[in-house]
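Structure, as C-alpha cells:
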Amino acid sequence: MSELSHLRLMASYNSWMNQKIVDAAATLPAHELAAGRGAFFGSLLGTLNHLVAADTIWLRRFATHPARFAALDAVLALPAPGALDAVYSDELAMLAAHRRWLDELIGGWLAQLADADLDHVLHYASTKGIRSQKRFGDLLLHFFNHQTHHRGQASTLLSQAGVDLGVTDLLMLIENVADHAAPSAPA
C-alpha cells in the first residue's frame, strides 16, 4: 500500500470512528456529556471539542502547503482556535454537524493530494509559537494518530458513562472495505 493510500484509509477510518463516537455520545443526556471524568480535556464534550480545535489548527497549517489545496479554502475561512481546549460548541448536535463537515472536507482534500506533496517540508508554528519544520506526509500521520489517541479517550469516557462503543478496530473497516460494505458492528 502506498503512503497516500494509507493516509486515505486513515481518513476513512477517522470519519467512521468520529461518527461512531458522536452516535454513542448522542445517547447520553447533556449533563453526562459535560461531566468531568478526569480526561485531558475534562469531559467527553471537552474531548470532542479538542478534536475539532486541533483538526482545525492542523488543517489551517496544511493549507499553507505550496500546492494550495482548494479543498482547504473553507477551513481558512474559519476563525483560528485560540487554544487546544477551544470550545466550538457546548451543543452535541452542532458539534456533530461540524465534525461531519470536517471529515468530508478531509476526505475531499486527501483525494487532491499527490505522492509528491507528501515530501514537502512544511514550516509552521505551534500554538505556543514554537517554530518547526517537518515532512508533510509525517505530519499527516501525526494528524490521524492524534485523533485516534483522543478517540481512545472518548471511548473510555463513554464506557465510564455506561455506553459501549462497540468494535473500534481499523481491521473492521479494512474487512468491510474489502467486502465493499459499509462498516458495521459484528453480530
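As shown in the C-alpha cells, the chain order sets the letters A, B, ...; within each chain, residues go from 1, and ligands are also counted from 1 in the order they appear.
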With a distance cut-off of 8 Å and only C-alpha atoms, select the neighbouring residues of Ile21 of chain A, excluding the residue or stretch itself and same-chain residues fewer than 5 positions from it, and output the selection as an mmCIF file with all heavy atoms, in the first residue's frame.
data_model
loop_
_atom_site.group_PDB
_atom_site.id
_atom_site.type_symbol
_atom_site.label_atom_id
_atom_site.label_comp_id
_atom_site.auth_asym_id
_atom_site.auth_seq_id
_atom_site.Cartn_x
_atom_site.Cartn_y
_atom_site.Cartn_z
ATOM 1 N N ARG A 151 -9.711 9.733 20.451
ATOM 2 C CA ARG A 151 -10.928 8.899 20.341
ATOM 3 C C ARG A 151 -10.843 7.717 21.305
ATOM 4 O O ARG A 151 -11.867 7.258 21.814
ATOM 5 C CB ARG A 151 -11.148 8.434 18.902
ATOM 6 C CG ARG A 151 -11.834 9.492 18.049
ATOM 7 C CD ARG A 151 -12.352 8.898 16.757
ATOM 8 N NE ARG A 151 -11.324 8.173 16.049
ATOM 9 C CZ ARG A 151 -10.522 8.696 15.117
ATOM 10 N NH1 ARG A 151 -10.638 9.954 14.772
ATOM 11 N NH2 ARG A 151 -9.617 7.959 14.523
ATOM 12 N N ALA A 154 -12.082 9.130 24.355
ATOM 13 C CA ALA A 154 -13.538 9.285 24.262
ATOM 14 C C ALA A 154 -14.233 7.947 24.473
ATOM 15 O O ALA A 154 -15.280 7.878 25.131
ATOM 16 C CB ALA A 154 -13.925 9.893 22.905
ATOM 17 N N SER A 155 -13.644 6.881 23.961
ATOM 18 C CA SER A 155 -14.206 5.545 24.155
ATOM 19 C C SER A 155 -14.244 5.193 25.641
ATOM 20 O O SER A 155 -15.238 4.641 26.143
ATOM 21 C CB SER A 155 -13.360 4.520 23.378
ATOM 22 O OG SER A 155 -13.800 3.214 23.637
ATOM 23 N N LEU A 165 -19.187 1.450 22.997
ATOM 24 C CA LEU A 165 -18.949 1.963 21.646
ATOM 25 C C LEU A 165 -18.914 0.856 20.604
ATOM 26 O O LEU A 165 -19.134 1.085 19.429
ATOM 27 C CB LEU A 165 -17.648 2.766 21.628
ATOM 28 C CG LEU A 165 -17.280 3.491 20.358
ATOM 29 C CD1 LEU A 165 -18.372 4.480 19.956
ATOM 30 C CD2 LEU A 165 -15.958 4.211 20.531
#
Query raised in the report: Got a sec: who's within 8 Å of Asn49 of chain A, counting only C-alpha atoms, leaving out chain neighbours fewer than 4 positions off, as an MDAnalysis selection string?
Result: chainID A and resid 45 53 85:89 95
Please dump the current selection as a short mmCIF file (atom, residue, chain, number, x, y, z; two decimals), in the first residue's frame; keep C-alpha atoms.
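Full text of part-v6.cif as output:
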data_model
loop_
_atom_site.label_atom_id
_atom_site.label_comp_id
_atom_site.auth_asym_id
_atom_site.auth_seq_id
_atom_site.Cartn_x
_atom_site.Cartn_y
_atom_site.Cartn_z
CA LEU A 45 -17.71 17.11 25.19
CA ALA A 53 -9.93 22.57 17.54
CA ASP A 85 -9.10 23.47 24.53
CA ALA A 86 -11.14 25.95 22.49
CA VAL A 87 -14.85 25.17 22.61
CA TYR A 88 -16.54 25.03 19.23
CA SER A 89 -19.92 24.24 20.78
CA LEU A 95 -20.52 19.87 17.22
#
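Closest to Ala26 of chain A among A:Gly107, A:Ser5, A:Val121, A:Ala96 is A:Ala96, based on only C-alpha atoms.
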Query - Near-Ala30 of chain A list (9 Å; only C-alpha atoms; drop same-chain fewer than 4 positions) as a PyMOL selection string - result: chain A and resi 26+34-35+90-92
Query raised in the report: Can you list, as a list in words, every protein, DNA or RNA residue that comes within 9 Å of Met10 of chain A when you count only C-alpha atoms, leaving out same-chain residues fewer than 2 positions away?
Result: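 Neighbouring residues, sequence-local ones excluded: Ser5, His6, Leu7, Arg8, Ser12, Tyr13, Asn14, Ser15, Leu141, Phe144, Asn145 and Leu170 of chain A.
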Query raised in the report: Counting only C-alpha atoms, which of A:Glu175, A:Ala71, A:Thr127, A:Ser132 gets nearest to Gly108 of chain A?
Result: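 Once distances to Gly108 of chain A are computed over only C-alpha atoms, the minimum belongs to A:Ala71.
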**Report entry** Those of segment 2-183 of chain A in DSSP strand (DSSP E or B), formatted as a ChimeraX atom specification
**Finding:** /A:39,42,121-125,131-135
The selected residues should be written to file as an mmCIF file, in the first residue's frame (atoms: all heavy atoms).
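File written: again27.cif
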data_model
loop_
_atom_site.group_PDB
_atom_site.id
_atom_site.type_symbol
_atom_site.label_atom_id
_atom_site.label_comp_id
_atom_site.auth_asym_id
_atom_site.auth_seq_id
_atom_site.Cartn_x
_atom_site.Cartn_y
_atom_site.Cartn_z
ATOM 1 N N ALA A 39 -10.341 13.270 32.113
ATOM 2 C CA ALA A 39 -9.631 13.179 30.829
ATOM 3 C C ALA A 39 -8.794 14.443 30.613
ATOM 4 O O ALA A 39 -8.961 15.440 31.321
ATOM 5 C CB ALA A 39 -10.621 13.004 29.681
ATOM 6 N N GLY A 42 -11.111 17.076 30.225
ATOM 7 C CA GLY A 42 -12.182 17.013 31.207
ATOM 8 C C GLY A 42 -13.281 16.029 30.897
ATOM 9 O O GLY A 42 -13.339 14.941 31.457
ATOM 10 N N VAL A 121 8.533 19.822 2.872
ATOM 11 C CA VAL A 121 8.800 20.143 4.274
ATOM 12 C C VAL A 121 7.967 21.369 4.633
ATOM 13 O O VAL A 121 8.143 22.442 4.048
ATOM 14 C CB VAL A 121 10.307 20.392 4.520
ATOM 15 C CG1 VAL A 121 10.542 20.857 5.953
ATOM 16 C CG2 VAL A 121 11.101 19.128 4.217
ATOM 17 N N LEU A 122 7.043 21.173 5.564
ATOM 18 C CA LEU A 122 6.134 22.249 5.966
ATOM 19 C C LEU A 122 6.730 23.000 7.150
ATOM 20 O O LEU A 122 7.151 22.390 8.139
ATOM 21 C CB LEU A 122 4.768 21.670 6.338
ATOM 22 C CG LEU A 122 3.671 22.693 6.585
ATOM 23 C CD1 LEU A 122 3.229 23.315 5.252
ATOM 24 C CD2 LEU A 122 2.469 22.047 7.276
ATOM 25 N N HIS A 123 6.766 24.307 7.058
ATOM 26 C CA HIS A 123 7.210 25.179 8.137
ATOM 27 C C HIS A 123 5.961 25.706 8.824
ATOM 28 O O HIS A 123 5.054 26.218 8.162
ATOM 29 C CB HIS A 123 8.049 26.344 7.586
ATOM 30 C CG HIS A 123 9.301 25.876 6.907
ATOM 31 N ND1 HIS A 123 10.531 25.959 7.513
ATOM 32 C CD2 HIS A 123 9.516 25.302 5.695
ATOM 33 C CE1 HIS A 123 11.451 25.468 6.698
ATOM 34 N NE2 HIS A 123 10.859 25.068 5.585
ATOM 35 N N TYR A 124 5.923 25.605 10.139
ATOM 36 C CA TYR A 124 4.742 26.037 10.888
ATOM 37 C C TYR A 124 5.155 26.393 12.304
ATOM 38 O O TYR A 124 6.279 26.129 12.726
ATOM 39 C CB TYR A 124 3.672 24.941 10.897
ATOM 40 C CG TYR A 124 4.099 23.691 11.636
ATOM 41 C CD1 TYR A 124 3.759 23.506 12.969
ATOM 42 C CD2 TYR A 124 4.877 22.713 11.010
ATOM 43 C CE1 TYR A 124 4.174 22.376 13.653
ATOM 44 C CE2 TYR A 124 5.288 21.585 11.690
ATOM 45 C CZ TYR A 124 4.935 21.421 13.019
ATOM 46 O OH TYR A 124 5.354 20.312 13.697
ATOM 47 N N ALA A 125 4.232 26.984 13.045
ATOM 48 C CA ALA A 125 4.473 27.307 14.453
ATOM 49 C C ALA A 125 3.402 26.633 15.291
ATOM 50 O O ALA A 125 2.230 26.559 14.896
ATOM 51 C CB ALA A 125 4.433 28.813 14.668
ATOM 52 N N ARG A 131 8.527 27.341 16.481
ATOM 53 C CA ARG A 131 8.647 27.077 15.048
ATOM 54 C C ARG A 131 9.186 25.671 14.815
ATOM 55 O O ARG A 131 10.089 25.215 15.515
ATOM 56 C CB ARG A 131 9.548 28.098 14.398
ATOM 57 C CG ARG A 131 9.005 29.516 14.514
ATOM 58 C CD ARG A 131 9.147 30.255 13.217
ATOM 59 N NE ARG A 131 8.400 31.477 13.206
ATOM 60 C CZ ARG A 131 7.146 31.598 12.763
ATOM 61 N NH1 ARG A 131 6.523 30.552 12.311
ATOM 62 N NH2 ARG A 131 6.534 32.751 12.761
ATOM 63 N N SER A 132 8.620 25.003 13.799
ATOM 64 C CA SER A 132 9.042 23.657 13.425
ATOM 65 C C SER A 132 9.009 23.512 11.922
ATOM 66 O O SER A 132 8.377 24.304 11.217
ATOM 67 C CB SER A 132 8.106 22.605 14.037
ATOM 68 O OG SER A 132 8.216 22.575 15.422
ATOM 69 N N GLN A 133 9.661 22.492 11.459
ATOM 70 C CA GLN A 133 9.588 22.110 10.054
ATOM 71 C C GLN A 133 9.655 20.594 9.990
ATOM 72 O O GLN A 133 10.537 19.976 10.564
ATOM 73 C CB GLN A 133 10.690 22.767 9.233
ATOM 74 C CG GLN A 133 12.084 22.503 9.739
ATOM 75 C CD GLN A 133 13.112 23.294 8.963
ATOM 76 O OE1 GLN A 133 12.849 24.385 8.476
ATOM 77 N NE2 GLN A 133 14.305 22.743 8.839
ATOM 78 N N LYS A 134 8.675 20.027 9.323
ATOM 79 C CA LYS A 134 8.574 18.569 9.243
ATOM 80 C C LYS A 134 8.047 18.183 7.860
ATOM 81 O O LYS A 134 7.345 18.942 7.199
ATOM 82 C CB LYS A 134 7.606 18.027 10.289
ATOM 83 C CG LYS A 134 7.912 18.412 11.722
ATOM 84 C CD LYS A 134 8.489 17.279 12.485
ATOM 85 C CE LYS A 134 8.694 17.556 13.944
ATOM 86 N NZ LYS A 134 9.565 18.587 14.337
ATOM 87 N N ARG A 135 8.365 16.965 7.479
ATOM 88 C CA ARG A 135 7.872 16.404 6.225
ATOM 89 C C ARG A 135 6.339 16.310 6.283
ATOM 90 O O ARG A 135 5.770 15.857 7.276
ATOM 91 C CB ARG A 135 8.489 15.022 6.017
ATOM 92 C CG ARG A 135 8.092 14.362 4.730
ATOM 93 C CD ARG A 135 8.802 12.996 4.593
ATOM 94 N NE ARG A 135 8.249 12.286 3.471
ATOM 95 C CZ ARG A 135 7.151 11.518 3.537
ATOM 96 N NH1 ARG A 135 6.504 11.358 4.669
ATOM 97 N NH2 ARG A 135 6.704 10.913 2.448
#
Report task. Have a look at A:Arg60, A:Lys128, A:Ala70, A:Leu102 and name the one nearest to Leu84 of chain A; count only C-alpha atoms. Result ->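 Closest residue, counting only C-alpha atoms: A:Lys128.
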Query raised in the report: Between A:Leu44, A:Met94, A:Leu78, A:Ile57, which has the minimum distance to Glu32 of chain A (counting only C-alpha atoms)?
Result: A:Leu44
**Report entry** Option closest in space to Gln160 of chain A, from A:Val75, A:Leu33, A:Ala116, A:Ala111 [counting only C-alpha atoms]
**Finding:**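 Once distances to Gln160 of chain A are computed over only C-alpha atoms, the minimum belongs to A:Leu33.
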Query - Which of segment 1-115 of chain A DSSP labels helix (DSSP H, G or I), written as a VMD selection string - result: chain A and resid 3 to 25 30 to 33 44 to 62 70 to 76 92 to 112 115
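Distance-wise, atom CA of Gly38 of chain A and atom CA of Ala80 of chain A end up 26.5 Å apart.
Of note, atom CA of Phe62 of chain A and atom CA of Leu113 of chain A are spaced 11.3 Å apart.
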Requested in this report: Kindly indicate which residue among A:Leu72, A:Leu28, A:Leu59, A:Leu157 lies nearest to Leu140 of chain A, using only C-alpha atoms for the distances.
Outcome: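 The closest residue to Leu140 of chain A is A:Leu59.
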Query raised in the report: Please, what distance in Å, to one decimal, runs between atom CA of His98 of chain A and atom CA of Asp55 of chain A?
Result: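 Interatomic distance, atom CA of His98 of chain A to atom CA of Asp55 of chain A: 11.3 Å.
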